[in-house]
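As structure tokens, the structure follows; a few thoughts come after it.
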Amino acid sequence: IWILYDKEESTFIGRGGLRHTVVEKKDEIELAYAFLPSQWGKGLATELSFALLKIAEDLGFSDVTSCATPTNAASIRVMEKAGFIYERDFIYEDEGACVLYRKKLK
């Protein structure tokens with residue numbers, strides 16, 4: 001996971017990357033991101049998602065997951081723009097109810 005900074009302001013704006021996770025006892029590669037509310041609506045999550053998917057392809061991953069809470073419409077929209085397909089609802093560790101999306105890369 002990388003820390004994301006605004007170069008002009010030299011301030012933290014969010015984080016994102018690819019990480020190993022376990023979803024219902026299955027190893028997965030997750031595309032994850034989070035931005036400060038002041039950065040929402042600027043297209044940063046979508047831009048980052050496309051860049052991370054390119055990295056995942058270059059690393060040879062066959063698929064990548066991403067998840068959000070069911071009420072996080074903005075993150076769900078980002079996942080769908082990036083080509084992720086809804087797979088199922090599940091309970092994710094300490095975060096509670098989530099929706100799982102997956103993108104096939106190969």
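Ordered as shown in the structure tokens, chains take letters A, B, and onward, while each chain numbers its residues from 1 and ligands are numbered from 1 in the order shown.
Excluding region 3-7 of chain A itself and same-chain residues fewer than 5 positions from it, the residues having an atom within 9 Å of it are A:Phe12, A:Ile13, A:Gly14, A:Arg15, A:Gly16, A:Gly17, A:Phe35, counting only C-alpha atoms.
Nearest residue to Cys67 (chain A), choosing from A:Ile55, A:Ile1, A:Glu93, A:Met79 and counting only C-alpha atoms: A:Met79.
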Taking the DSSP assignment computed from this structure's backbone, write out as a CSV table (one decimal) with C-alpha atoms, in the first residue's frame all residues of region 13-104 of chain A that belong to strand (DSSP E or B).
chain,number,residue,atom,x,y,z
A,13,ILE,CA,-4.4,12.8,0.6
A,14,GLY,CA,-4.9,9.0,0.8
A,15,ARG,CA,-3.5,5.6,0.3
A,16,GLY,CA,-3.8,2.7,-2.1
A,17,GLY,CA,-2.3,-0.4,-3.6
A,18,LEU,CA,-2.5,-4.1,-4.1
A,19,ARG,CA,-2.4,-6.3,-1.0
A,20,HIS,CA,-2.7,-9.9,0.0
A,21,THR,CA,-5.9,-10.6,2.0
A,22,VAL,CA,-8.0,-13.5,3.0
A,23,VAL,CA,-11.7,-13.5,2.2
A,26,LYS,CA,-9.4,-17.9,0.5
A,27,ASP,CA,-6.2,-16.1,-0.4
A,28,GLU,CA,-7.0,-13.1,-2.6
A,29,ILE,CA,-5.2,-10.1,-4.1
A,30,GLU,CA,-7.2,-7.0,-3.2
A,31,LEU,CA,-7.1,-3.6,-4.9
A,32,ALA,CA,-7.5,-1.2,-2.0
A,33,TYR,CA,-7.7,2.6,-1.6
A,34,ALA,CA,-8.9,5.3,0.7
A,35,PHE,CA,-8.8,9.0,0.3
A,63,ASP,CA,-7.8,-11.7,-11.0
A,64,VAL,CA,-8.1,-9.0,-8.4
A,65,THR,CA,-10.8,-8.4,-5.8
A,66,SER,CA,-12.0,-5.2,-4.3
A,67,CYS,CA,-14.6,-4.6,-1.6
A,68,ALA,CA,-16.6,-1.8,0.0
A,85,ILE,CA,-18.1,-7.4,-11.4
A,86,TYR,CA,-20.2,-7.9,-8.3
A,87,GLU,CA,-19.6,-11.4,-6.8
A,88,ARG,CA,-21.3,-11.5,-3.4
A,89,ASP,CA,-22.0,-10.0,0.0
A,90,PHE,CA,-19.8,-11.2,2.9
A,91,ILE,CA,-18.6,-10.3,6.3
A,92,TYR,CA,-15.0,-8.9,6.2
A,96,GLY,CA,-18.5,-6.0,9.0
A,97,ALA,CA,-20.8,-6.3,5.9
A,98,CYS,CA,-19.1,-5.8,2.6
A,99,VAL,CA,-19.7,-6.4,-1.1
A,100,LEU,CA,-17.0,-8.3,-3.0
A,101,TYR,CA,-16.2,-7.4,-6.6
A,102,ARG,CA,-13.8,-9.2,-8.8
A,103,LYS,CA,-12.0,-8.4,-12.1
A,104,LYS,CA,-10.6,-11.1,-14.2
*Just give me the gap between CA of Trp2 (chain A) and CA of Lys25 (chain A) in Å, one decimal is fine.*
25.4 Å
_According to DSSP computed on the backbone, where in chain A is there helix (DSSP H, G or I)? Give the residues as a ChimeraX atom specification._
/A:37-39,44-58,73-81,93-95
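Each of A:Leu105, A:Leu36, A:Glu24, A:Arg77 was compared to Leu53 (chain A) using only C-alpha atoms, and A:Leu105 turns out to be the nearest.
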